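Engineer: Would you mind keeping the following structure in view while I ask a few things?
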Amino acid sequence: MTDIKEVVIVSGKGGTGKTSLAGAIVKLIQDKIITDCDVDAANLHIIVGPKDLHAKKEFIGGKKANIDLKRCTHCNICRDVCRYDAISEDYIVDKVLCEGCGACYFICPARAVEFTPQLSGYCNTCTTLDDEIFVYAELLPGEENSGKLVATVRNEARDEAQKAGKRLILIDGPPGIGCPVISSLTGTSLAIIVTEPTPTGAHDLKRIIELSRHFQIKTALVINKSDISPKFTKEMRQYCNDEGIACLGEIPYEIRITEAQKEMKTVLEYAPDCEASRAIKEIYKKLQSIMEEI
Amino acid sequence: MRIAFASGKGGTGKTTVAVNFAFFLADSRQHVQYLDCDVEEPNGHIFLKPVIDEKFPAKVMIPTIDQSRCINCGECSAHCQFNALVTLPDNVLLFPELCHGCGLCARICPAGAITEGEREIGYIEKGRAVRGIDFVHGILNIGEPMAGPLIQQVKYNYREDYIQIIDAPAGTSCPVVKTIIDADCVVMVTEPTPFALHDLKIAVSVAKNLNKPIGMVINRANGDFKPLTEYLFENNLPILVTIPEDMQVAHEYSEGNLIAERLPFYMDNFLALGENIRNLPGKRT
């Protein structure tokens with residue numbers, strides 16, 4: 001088995017530019033599998049362009065209860081055991097509140113509860129416009145088990161990497177620090193954290209760095225929109241220096257990144273010579289040297 | 001009235017709109033409560049600067065296994081839907097982060113070896129912010145996957161006689177559902193970009209499935225973005241207010257300031273937002 005490296009892009013705070021950077025890095029790094037693990041708000045496909053869909057696999061997140069009212073004896077035991085207030089007085093299970101623990105199903109003396117697997121989303125494998133393999137997911141609106149779907153996407157990507165003999169998987173991660181982020185982060189070789197120099201960016205940066213440390217993941221920082229606050233950019237640079245985290249570089253605020261997105265392109269294709277594009281190329285160079293160490 | 005602010009995509013301005021709207025309401029002498037349900041990355045406090053006078057841990061139930069009574073029958077792990085229990089040859093192993101606290105294992109253990117204890121997943125802070133805004137937020141412990149129970153516990157602090165402003169997390173999955181489920185209406189804050197529109201569509205269907213009245217705030221508006229305008233028109237989603245792309249706003253944000261306070265002419269935007277929320281069709285009042 002070849003040694004596959006996974007590099008994940010995360011941010012803590014949403015909207016700092018994870019996917020715009022991921023899309024650009026996709027254009028620079030050769031020989032990899034691309035994945036989007038932001039399963040409930042996936043966006044990378046918009047700029048890398050899925051062409052041919054190879055497989056659309058159903059994702060079964062868990063089970064949900066349903067009460068057969070013909071068999072129900074109205075004994076109320078299910079309502080007593082349900083910790084999520086998911087069963088109404090007339091014994092209708094609220095599918096939104098049901099967590100799928102099965103307590104009602106196993107306890108019901110009349111065996112009136114059905115407990116059936118639920119379709120929670122899809123895991124898609126496709127090729128991009130550049131003929132690279134891209135794995136991404138669609139969690140159905142409001143569904144649970146996003147962490148489990150992330151794990152499914154990563155497994156699928158590893159299978160594809162094995163089949164194609166690729167050594168690298170590039171992962172666009174979700175915002176936050178909860179379930180799907182933990183699932184995207186664990187076991188990766190490197191986490192690139194994209195932040196912005198604002199008080200909210202700084203606040204959330206500390207939490208995602210702590211999370212990476214908790215799981216012993218090597219991290220590197222990119223400061224996006226770096227010129228909007230020289231003060232915060234300087235503080236962030238200092239903070240990373242003190243914490244021993246490599247700073248891959250800074251990307252100045254660039255309206256053409258948003259314009260590129262509207263054209264469904266990466267900024268490298270849309271405005272190859274703008275300052276942001278040049279900064280991203282520099283970031284890529286530093287990333288290459290870090291990748292040799294991992 | 002309980003108003004939730006959501007978006008789908010992160011970073012579109014949920015918190016900015018929510019905190020400034022809370023400030024506007026409080027400034028017009030209304031009783032306002034702000035609850036930050038983005039427990040993974042709560043940010044409202046940066047702008048509202050509350051004085052915290054209460055802090056308490058948020059706990060969930062978890063099984064405690066008395067290994068001396070355990071007969072290794074495997075019933076608990078066979079029934080657990082979350083794979084939180086694993087029966088080994090000589091003991092039972094618990095993975096606390098996977099446990100949903102349903103209590104099933106304790107109920108079905110034939111040896112009576114399982115009781116229920118508590119586990120801390122984060123904490124809740126309460127206090128008073130600018131203009132007397134009643135402030136509540138939850139902070140999830142680092143490494144803790146489950147935001148849902150903490151979101152619920154933040155909401156145990158509702159003050160019924162107040163206008164409640166709820167700041168939702170990014171995304172479109174269960175934490176968002178848990179946040180908006182008991183709201184009277186949902187304000188979706190979006191920006192005119194393809195990424196934001198893609199995620200907005202999913203977030204709107206989450207809110208529609210819950211039968212919530214939905215109103216839109218277009219943030220960082222900068223000319224017409226046709227796909228968004230068309231989507232809103234086709235789906236009958238009213239625009240409550242538009243906030244233009246403005247370097248002054250970006251500047252105040254990057255200083256941790258409230259724009260409604262620093263740039264008073266923006267008060268009119270929040271006045272319009274309030275009026276239009278009140279007139280949202282289908283809303284309970």
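Residues are referred to by chain and number: the chain letter is A, B, ... according to the order shown in the structure tokens, the number counts from 1 in that chain, and ligands are numbered separately from 1 in the order shown.
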Could you go through stretch 65-228 of chain A and tell me which residues DSSP, when run on the backbone, assigns to helix (DSSP H, G or I), listing them as JSON, numbers by chain?

Structural biologist: {"A": [77, 78, 79, 80, 81, 103, 104, 105, 106, 107, 146, 147, 148, 149, 150, 151, 152, 153, 154, 155, 156, 157, 158, 159, 160, 161, 162, 163, 164, 179, 180, 181, 182, 183, 184, 185, 199, 200, 201, 202, 203, 204, 205, 206, 207, 208, 209, 210, 211, 212, 213, 214, 226, 227, 228]}

Engineer: Compile the contact shell of stretch 152-159 of chain A as a ChimeraX atom specification: residues with an atom at most 12 Å away, counting only C-alpha atoms, same-chain residues fewer than 4 positions apart removed.

Structural biologist: /A:1-8,32-39,55-61,121-126,132-139,145-148,163-173,180,183-188

Engineer: Taking only C-alpha atoms into account, produce a table as a Markdown table in which each residue of chain A with an atom at most 7 Å from an atom of chain B appears once, together with its shortest atom pair and the distance in Å to one decimal, ordered by chain and rising number.

Structural biologist:
```
| residue | atom | partner | partner_atom | distance |
| --- | --- | --- | --- | --- |
| A:Gly12 | CA | B:Glu41 | CA | 6.9 |
| A:Lys13 | CA | B:Glu41 | CA | 6.7 |
| A:Gly14 | CA | B:Gly10 | CA | 3.8 |
| A:Gly15 | CA | B:Gly11 | CA | 3.8 |
| A:Thr16 | CA | B:Gly11 | CA | 6.8 |
| A:Asp40 | CA | B:Thr172 | CA | 5.4 |
| A:Ala41 | CA | B:Asp199 | CA | 5.3 |
| A:Asn43 | CA | B:Phe195 | CA | 5.7 |
| A:Arg83 | CA | B:Cys102 | CA | 6.0 |
| A:Cys101 | CA | B:Gln81 | CA | 5.6 |
| A:Ala103 | CA | B:Leu104 | CA | 5.4 |
| A:Pro141 | CA | B:Val206 | CA | 5.3 |
| A:Gly142 | CA | B:Ser173 | CA | 4.1 |
| A:Glu143 | CA | B:Ser173 | CA | 5.0 |
| A:Glu144 | CA | B:Cys174 | CA | 5.0 |
| A:Gly176 | CA | B:Glu40 | CA | 5.5 |
| A:Ile177 | CA | B:Glu40 | CA | 5.5 |
| A:Gly178 | CA | B:Pro145 | CA | 4.4 |
| A:Cys179 | CA | B:Pro145 | CA | 4.0 |
| A:Ile182 | CA | B:Pro145 | CA | 6.8 |
| A:Thr198 | CA | B:Ser254 | CA | 4.6 |
| A:Pro199 | CA | B:Gly256 | CA | 6.0 |
| A:Thr200 | CA | B:Asn43 | CA | 5.9 |
| A:Asp204 | CA | B:Glu41 | CA | 5.9 |
| A:Arg207 | CA | B:Ile142 | CA | 7.0 |
| A:Glu210 | CA | B:Ile142 | CA | 6.9 |
| A:Leu211 | CA | B:Ile142 | CA | 5.7 |
| A:His214 | CA | B:Gly143 | CA | 6.7 |
| A:Ser229 | CA | B:Ser254 | CA | 6.9 |
| A:Gln261 | CA | B:Pro194 | CA | 6.7 |
| A:Lys262 | CA | B:Pro194 | CA | 6.0 |
```

Engineer: How would the residues just picked look written out with N, CA and C atoms as an mmCIF file, in the first residue's frame?

Structural biologist:
```
data_model
loop_
_atom_site.group_PDB
_atom_site.id
_atom_site.type_symbol
_atom_site.label_atom_id
_atom_site.label_comp_id
_atom_site.auth_asym_id
_atom_site.auth_seq_id
_atom_site.Cartn_x
_atom_site.Cartn_y
_atom_site.Cartn_z
ATOM 1 N N GLY A 12 -12.090 27.484 10.999
ATOM 2 C CA GLY A 12 -12.796 27.941 12.193
ATOM 3 C C GLY A 12 -13.945 28.831 11.749
ATOM 4 N N LYS A 13 -13.665 30.110 11.587
ATOM 5 C CA LYS A 13 -14.683 31.048 11.117
ATOM 6 C C LYS A 13 -15.046 30.750 9.660
ATOM 7 N N GLY A 14 -16.307 30.897 9.324
ATOM 8 C CA GLY A 14 -16.729 30.704 7.947
ATOM 9 C C GLY A 14 -16.448 31.941 7.113
ATOM 10 N N GLY A 15 -16.366 31.756 5.808
ATOM 11 C CA GLY A 15 -16.253 32.886 4.898
ATOM 12 C C GLY A 15 -14.903 33.571 4.869
ATOM 13 N N THR A 16 -13.843 32.877 5.314
ATOM 14 C CA THR A 16 -12.520 33.507 5.281
ATOM 15 C C THR A 16 -11.816 33.268 3.950
ATOM 16 N N ASP A 40 -22.400 19.822 4.267
ATOM 17 C CA ASP A 40 -23.725 20.442 4.279
ATOM 18 C C ASP A 40 -23.754 21.783 3.555
ATOM 19 N N ALA A 41 -22.597 22.269 3.129
ATOM 20 C CA ALA A 41 -22.576 23.513 2.350
ATOM 21 C C ALA A 41 -21.382 23.444 1.395
ATOM 22 N N ASN A 43 -19.107 23.798 -1.794
ATOM 23 C CA ASN A 43 -19.011 24.843 -2.816
ATOM 24 C C ASN A 43 -17.890 24.627 -3.833
ATOM 25 N N ARG A 83 -35.731 10.668 25.238
ATOM 26 C CA ARG A 83 -35.088 11.823 25.873
ATOM 27 C C ARG A 83 -35.175 13.071 25.005
ATOM 28 N N CYS A 101 -32.049 6.810 18.421
ATOM 29 C CA CYS A 101 -31.374 6.002 19.448
ATOM 30 C C CYS A 101 -31.998 4.622 19.565
ATOM 31 N N ALA A 103 -34.443 3.703 21.515
ATOM 32 C CA ALA A 103 -34.967 3.365 22.844
ATOM 33 C C ALA A 103 -36.440 2.939 22.756
ATOM 34 N N PRO A 141 -30.934 18.479 3.281
ATOM 35 C CA PRO A 141 -31.141 19.630 4.173
ATOM 36 C C PRO A 141 -31.544 19.220 5.593
ATOM 37 N N GLY A 142 -30.827 19.752 6.567
ATOM 38 C CA GLY A 142 -31.200 19.564 7.969
ATOM 39 C C GLY A 142 -30.813 18.224 8.571
ATOM 40 N N GLU A 143 -30.093 17.384 7.803
ATOM 41 C CA GLU A 143 -29.788 16.044 8.295
ATOM 42 C C GLU A 143 -28.687 16.022 9.355
ATOM 43 N N GLU A 144 -28.661 14.893 10.069
ATOM 44 C CA GLU A 144 -27.607 14.672 11.065
ATOM 45 C C GLU A 144 -26.468 13.883 10.429
ATOM 46 N N GLY A 176 -16.097 25.911 11.516
ATOM 47 C CA GLY A 176 -16.449 25.477 12.864
ATOM 48 C C GLY A 176 -15.361 24.623 13.487
ATOM 49 N N ILE A 177 -15.694 23.991 14.608
ATOM 50 C CA ILE A 177 -14.740 23.088 15.273
ATOM 51 C C ILE A 177 -15.441 21.811 15.734
ATOM 52 N N GLY A 178 -16.682 21.598 15.285
ATOM 53 C CA GLY A 178 -17.464 20.460 15.781
ATOM 54 C C GLY A 178 -17.302 19.198 14.956
ATOM 55 N N CYS A 179 -18.347 18.388 15.015
ATOM 56 C CA CYS A 179 -18.357 17.044 14.446
ATOM 57 C C CYS A 179 -17.745 16.927 13.036
ATOM 58 N N ILE A 182 -13.927 17.829 13.058
ATOM 59 C CA ILE A 182 -13.116 16.793 13.701
ATOM 60 C C ILE A 182 -12.943 15.619 12.744
ATOM 61 N N THR A 198 -9.407 39.914 11.501
ATOM 62 C CA THR A 198 -10.517 40.600 12.167
ATOM 63 C C THR A 198 -10.604 40.011 13.570
ATOM 64 N N PRO A 199 -11.301 40.692 14.486
ATOM 65 C CA PRO A 199 -11.399 40.129 15.840
ATOM 66 C C PRO A 199 -12.077 38.760 15.839
ATOM 67 N N THR A 200 -13.071 38.570 14.974
ATOM 68 C CA THR A 200 -13.747 37.267 14.924
ATOM 69 C C THR A 200 -12.812 36.210 14.332
ATOM 70 N N ASP A 204 -11.600 32.856 16.416
ATOM 71 C CA ASP A 204 -11.867 31.510 15.926
ATOM 72 C C ASP A 204 -10.581 30.779 15.548
ATOM 73 N N ARG A 207 -9.206 28.839 18.433
ATOM 74 C CA ARG A 207 -9.947 27.605 18.721
ATOM 75 C C ARG A 207 -9.623 26.498 17.714
ATOM 76 N N GLU A 210 -6.169 25.170 18.565
ATOM 77 C CA GLU A 210 -6.259 24.277 19.728
ATOM 78 C C GLU A 210 -6.812 22.914 19.339
ATOM 79 N N LEU A 211 -7.802 22.932 18.466
ATOM 80 C CA LEU A 211 -8.407 21.673 18.025
ATOM 81 C C LEU A 211 -7.374 20.823 17.272
ATOM 82 N N HIS A 214 -5.051 19.360 19.683
ATOM 83 C CA HIS A 214 -5.726 18.282 20.407
ATOM 84 C C HIS A 214 -5.588 16.960 19.641
ATOM 85 N N SER A 229 -6.590 44.778 7.886
ATOM 86 C CA SER A 229 -6.162 45.255 9.196
ATOM 87 C C SER A 229 -4.710 44.860 9.464
ATOM 88 N N GLN A 261 -15.312 33.973 -8.916
ATOM 89 C CA GLN A 261 -16.321 33.020 -8.452
ATOM 90 C C GLN A 261 -17.608 33.149 -9.265
ATOM 91 N N LYS A 262 -17.968 34.402 -9.586
ATOM 92 C CA LYS A 262 -19.192 34.625 -10.361
ATOM 93 C C LYS A 262 -19.063 34.055 -11.774
#
```

Engineer: Excluding B:Val17 and its own-chain neighbours fewer than 3 positions away, which residues fall within 12 Å of it when counting only C-alpha atoms? Please give them as a PyMOL selection string.

Structural biologist: chain B and resi 3-7+11-14+20-24+34+44+47+165-168+187-190+216-220+240-243+249+253+258-260+266-267+269-270+273-274

Engineer: Please save N, CA and C atoms of the selected residues as a compact mmCIF listing (two decimals), in the first residue's frame.

Structural biologist:
```txt
# COMPACT_ATOMS: atom_id res chain seq x y z
N ILE B 3 -36.53 35.62 16.81
CA ILE B 3 -36.06 35.75 15.43
C ILE B 3 -34.69 35.08 15.30
N ALA B 4 -34.57 34.09 14.39
CA ALA B 4 -33.29 33.42 14.19
C ALA B 4 -32.60 33.98 12.96
N PHE B 5 -31.28 34.14 13.04
CA PHE B 5 -30.48 34.62 11.91
C PHE B 5 -29.61 33.47 11.41
N ALA B 6 -29.83 33.05 10.17
CA ALA B 6 -29.09 31.92 9.60
C ALA B 6 -28.58 32.31 8.22
N SER B 7 -27.85 31.40 7.56
CA SER B 7 -27.30 31.78 6.26
C SER B 7 -26.94 30.62 5.34
N GLY B 11 -19.72 33.32 7.16
CA GLY B 11 -19.07 34.58 6.83
C GLY B 11 -19.88 35.52 5.94
N THR B 12 -21.19 35.32 5.87
CA THR B 12 -22.00 36.23 5.04
C THR B 12 -22.47 37.44 5.83
N GLY B 13 -22.37 37.36 7.18
CA GLY B 13 -22.76 38.51 7.99
C GLY B 13 -23.89 38.24 8.98
N LYS B 14 -24.15 36.98 9.28
CA LYS B 14 -25.17 36.64 10.27
C LYS B 14 -24.99 37.40 11.57
N ASN B 20 -26.17 43.95 15.44
CA ASN B 20 -26.56 45.33 15.19
C ASN B 20 -28.06 45.54 15.29
N PHE B 21 -28.81 44.51 14.90
CA PHE B 21 -30.26 44.58 15.05
C PHE B 21 -30.63 44.57 16.54
N ALA B 22 -29.94 43.73 17.30
CA ALA B 22 -30.18 43.70 18.76
C ALA B 22 -29.89 45.08 19.36
N PHE B 23 -28.79 45.69 18.91
CA PHE B 23 -28.41 47.01 19.40
C PHE B 23 -29.48 48.03 19.05
N PHE B 24 -29.94 47.99 17.80
CA PHE B 24 -30.98 48.92 17.35
C PHE B 24 -32.23 48.81 18.22
N TYR B 34 -30.11 38.50 23.36
CA TYR B 34 -29.30 37.96 22.27
C TYR B 34 -28.76 36.61 22.72
N GLY B 44 -20.59 36.78 18.88
CA GLY B 44 -21.42 37.93 19.23
C GLY B 44 -20.83 38.78 20.34
N PHE B 47 -18.65 41.94 19.72
CA PHE B 47 -19.29 43.22 19.38
C PHE B 47 -20.17 43.76 20.50
N ILE B 165 -33.18 37.42 19.91
CA ILE B 165 -32.39 37.40 18.68
C ILE B 165 -31.48 36.19 18.79
N ILE B 166 -31.64 35.22 17.86
CA ILE B 166 -30.86 33.99 17.93
C ILE B 166 -29.87 33.95 16.78
N ASP B 167 -28.60 33.82 17.11
CA ASP B 167 -27.54 33.75 16.11
C ASP B 167 -27.26 32.28 15.83
N ALA B 168 -27.51 31.82 14.60
CA ALA B 168 -27.36 30.40 14.27
C ALA B 168 -25.95 30.10 13.75
N VAL B 187 -34.43 34.85 9.58
CA VAL B 187 -33.85 35.85 8.69
C VAL B 187 -32.60 35.24 8.09
N MET B 188 -32.59 35.09 6.76
CA MET B 188 -31.42 34.53 6.07
C MET B 188 -30.53 35.68 5.61
N VAL B 189 -29.30 35.67 6.06
CA VAL B 189 -28.36 36.71 5.66
C VAL B 189 -27.48 36.12 4.56
N THR B 190 -27.51 36.76 3.40
CA THR B 190 -26.72 36.21 2.29
C THR B 190 -25.92 37.32 1.63
N MET B 216 -35.24 37.84 3.85
CA MET B 216 -33.86 37.89 3.40
C MET B 216 -33.18 39.20 3.76
N VAL B 217 -31.90 39.10 4.11
CA VAL B 217 -31.05 40.29 4.18
C VAL B 217 -29.94 40.08 3.16
N ILE B 218 -29.80 41.00 2.22
CA ILE B 218 -28.70 40.92 1.26
C ILE B 218 -27.58 41.79 1.80
N ASN B 219 -26.48 41.16 2.15
CA ASN B 219 -25.35 41.88 2.72
C ASN B 219 -24.28 42.07 1.64
N ARG B 220 -23.46 43.08 1.79
CA ARG B 220 -22.38 43.41 0.84
C ARG B 220 -22.92 43.50 -0.59
N LEU B 240 -35.85 41.86 3.18
CA LEU B 240 -36.19 42.71 4.32
C LEU B 240 -35.38 43.99 4.28
N VAL B 241 -34.10 43.82 3.96
CA VAL B 241 -33.24 45.00 3.86
C VAL B 241 -31.98 44.63 3.07
N THR B 242 -31.38 45.63 2.45
CA THR B 242 -30.14 45.43 1.71
C THR B 242 -29.06 46.28 2.37
N ILE B 243 -27.91 45.68 2.61
CA ILE B 243 -26.80 46.43 3.20
C ILE B 243 -25.68 46.47 2.15
N VAL B 249 -18.07 49.92 6.81
CA VAL B 249 -18.63 48.81 7.58
C VAL B 249 -17.53 47.78 7.86
N TYR B 253 -16.18 46.64 11.53
CA TYR B 253 -16.21 45.21 11.85
C TYR B 253 -14.82 44.76 12.31
N LEU B 258 -19.75 48.10 16.71
CA LEU B 258 -21.11 47.97 16.18
C LEU B 258 -21.31 49.06 15.14
N ILE B 259 -21.73 48.66 13.93
CA ILE B 259 -21.91 49.68 12.89
C ILE B 259 -23.10 50.58 13.22
N ALA B 260 -24.11 50.02 13.85
CA ALA B 260 -25.30 50.83 14.19
C ALA B 260 -24.93 51.94 15.16
N TYR B 266 -26.78 54.02 9.46
CA TYR B 266 -27.21 52.64 9.23
C TYR B 266 -28.40 52.24 10.11
N MET B 267 -28.71 53.09 11.10
CA MET B 267 -29.87 52.80 11.96
C MET B 267 -31.13 52.61 11.12
N ASN B 269 -31.40 51.27 8.23
CA ASN B 269 -31.45 49.91 7.68
C ASN B 269 -32.06 48.94 8.70
N PHE B 270 -31.68 49.14 9.96
CA PHE B 270 -32.17 48.21 10.99
C PHE B 270 -33.62 48.52 11.37
N LEU B 273 -35.44 46.81 8.72
CA LEU B 273 -35.41 45.36 9.00
C LEU B 273 -36.49 44.99 10.01
N GLY B 274 -36.58 45.79 11.08
CA GLY B 274 -37.57 45.53 12.12
C GLY B 274 -38.99 45.62 11.60
```

Engineer: Extract, using only C-alpha atoms, all DNA, RNA and protein residues at most 10 Å from B:Gly282, discarding same-chain residues fewer than 2 positions from it, and format them as a PyMOL selection string.

Structural biologist: chain B and resi 184-185+211-214+279-280+284-285

Engineer: Which residues are close to A:Glu89, i.e. within 12 Å by only C-alpha atoms, leaving aside same-chain residues fewer than 3 positions away? Reply as a list in words.

Structural biologist: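 Answer for this query is His74, Cys75, Asn76, Ile77, Cys78, Arg79, Asp80, Asp85, Ala86, Ile92, Val93 and Asp94 of chain A.
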
Engineer: List the neighbours of A:Pro50 out to 9 Å using only C-alpha atoms; skip same-chain residues closer than 2 positions along the sequence, and give me the result as a PDB file with N, CA and C atoms, in the first residue's frame.

Structural biologist:
```
ATOM      1  N   HIS A  45     -17.206  22.396  -5.903  1.00  0.00           N
ATOM      2  CA  HIS A  45     -17.618  21.930  -7.232  1.00  0.00           C
ATOM      3  C   HIS A  45     -18.009  23.099  -8.145  1.00  0.00           C
ATOM      4  N   ILE A  46     -18.411  24.205  -7.537  1.00  0.00           N
ATOM      5  CA  ILE A  46     -18.826  25.364  -8.345  1.00  0.00           C
ATOM      6  C   ILE A  46     -17.644  25.917  -9.153  1.00  0.00           C
ATOM      7  N   ILE A  47     -16.443  25.890  -8.555  1.00  0.00           N
ATOM      8  CA  ILE A  47     -15.299  26.432  -9.318  1.00  0.00           C
ATOM      9  C   ILE A  47     -14.379  25.375  -9.937  1.00  0.00           C
ATOM     10  N   VAL A  48     -14.421  24.126  -9.457  1.00  0.00           N
ATOM     11  CA  VAL A  48     -13.566  23.151 -10.153  1.00  0.00           C
ATOM     12  C   VAL A  48     -14.324  22.422 -11.256  1.00  0.00           C
ATOM     13  N   ASP A  52     -17.924  14.562 -15.539  1.00  0.00           N
ATOM     14  CA  ASP A  52     -18.647  13.286 -15.615  1.00  0.00           C
ATOM     15  C   ASP A  52     -18.813  12.693 -14.228  1.00  0.00           C
ATOM     16  N   LEU A  53     -20.064  12.428 -13.870  1.00  0.00           N
ATOM     17  CA  LEU A  53     -20.344  11.788 -12.591  1.00  0.00           C
ATOM     18  C   LEU A  53     -20.139  10.279 -12.760  1.00  0.00           C
ATOM     19  N   CYS A 126     -16.620  12.078  -9.236  1.00  0.00           N
ATOM     20  CA  CYS A 126     -16.717  12.551 -10.620  1.00  0.00           C
ATOM     21  C   CYS A 126     -15.345  12.969 -11.127  1.00  0.00           C
ATOM     22  N   THR A 127     -15.271  13.349 -12.380  1.00  0.00           N
ATOM     23  CA  THR A 127     -14.035  13.957 -12.884  1.00  0.00           C
ATOM     24  C   THR A 127     -14.294  15.439 -13.100  1.00  0.00           C
ATOM     25  N   THR A 128     -13.233  16.228 -12.932  1.00  0.00           N
ATOM     26  CA  THR A 128     -13.369  17.672 -13.114  1.00  0.00           C
ATOM     27  C   THR A 128     -13.100  18.018 -14.577  1.00  0.00           C
ATOM     28  N   LEU A 129     -13.228  19.302 -14.889  1.00  0.00           N
ATOM     29  CA  LEU A 129     -12.948  19.760 -16.247  1.00  0.00           C
ATOM     30  C   LEU A 129     -11.497  19.484 -16.634  1.00  0.00           C
ATOM     31  N   PHE A 134     -12.620  13.848  -8.351  1.00  0.00           N
ATOM     32  CA  PHE A 134     -13.159  14.762  -7.345  1.00  0.00           C
ATOM     33  C   PHE A 134     -14.283  14.039  -6.596  1.00  0.00           C
TER      34      PHE A 134
END
```

Engineer: Work out how far apart atom CA of B:Val60 and atom CA of B:Thr179 are and give it in Å to one decimal.

Structural biologist: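 Straight-line distance from atom CA of B:Val60 to atom CA of B:Thr179 works out to 17.6 Å.
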
Engineer: Determine which residues of stretch 10-164 of chain B receive a DSSP assignment of strand (DSSP E), computed from the backbone, and state them as number ranges by chain.

Structural biologist: B: 32-36, 51-65, 85-87, 92-94, 114-128, 134-140, 163-164

Engineer: Work out how far atom CA of A:Tyr84 is from atom CA of B:Arg159, in Å to one decimal.

Structural biologist: 22.0 Å

Engineer: Atom CA of B:Val19 to atom CA of B:Asp182: how many Å, to one decimal?

Structural biologist: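 Taking atom CA of B:Val19 as the start and atom CA of B:Asp182 as the end point, the length is 19.7 Å.
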
Engineer: Could you list, as a VMD selection string, every residue within 8 Å of A:Arg256, counting only C-alpha atoms and ignoring same-chain residues fewer than 4 positions away?

Structural biologist: chain A and resid 260 267 270 to 271

Engineer: Could you write out that same residue set with N, CA and C atoms as a short mmCIF file (atom, residue, chain, number, x, y, z; two decimals), in the first residue's frame?

Structural biologist:
```
data_model
loop_
_atom_site.label_atom_id
_atom_site.label_comp_id
_atom_site.auth_asym_id
_atom_site.auth_seq_id
_atom_site.Cartn_x
_atom_site.Cartn_y
_atom_site.Cartn_z
N ALA A 260 -14.19 36.27 -9.99
CA ALA A 260 -13.83 34.96 -10.56
C ALA A 260 -14.88 33.92 -10.21
N VAL A 267 -9.34 32.38 -9.10
CA VAL A 267 -8.73 33.69 -9.38
C VAL A 267 -7.50 33.52 -10.28
N TYR A 270 -8.87 33.62 -13.71
CA TYR A 270 -9.58 34.86 -14.03
C TYR A 270 -8.66 36.06 -14.10
N ALA A 271 -7.73 36.13 -13.14
CA ALA A 271 -6.80 37.27 -13.10
C ALA A 271 -5.42 36.77 -12.68
#
```

Engineer: Could you tell me which of B:Leu25, B:Phe265, B:Tyr123, B:Lys55 comes closest to B:Ile163 if we count only C-alpha atoms?

Structural biologist: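 Looking only at the distances to B:Ile163, the closest residue turns out to be B:Leu25.
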
Engineer: Closest to A:Gly23 among A:Lys265, A:Lys51, A:Arg71, A:Arg213, using only C-alpha atoms?

Structural biologist: A:Lys265
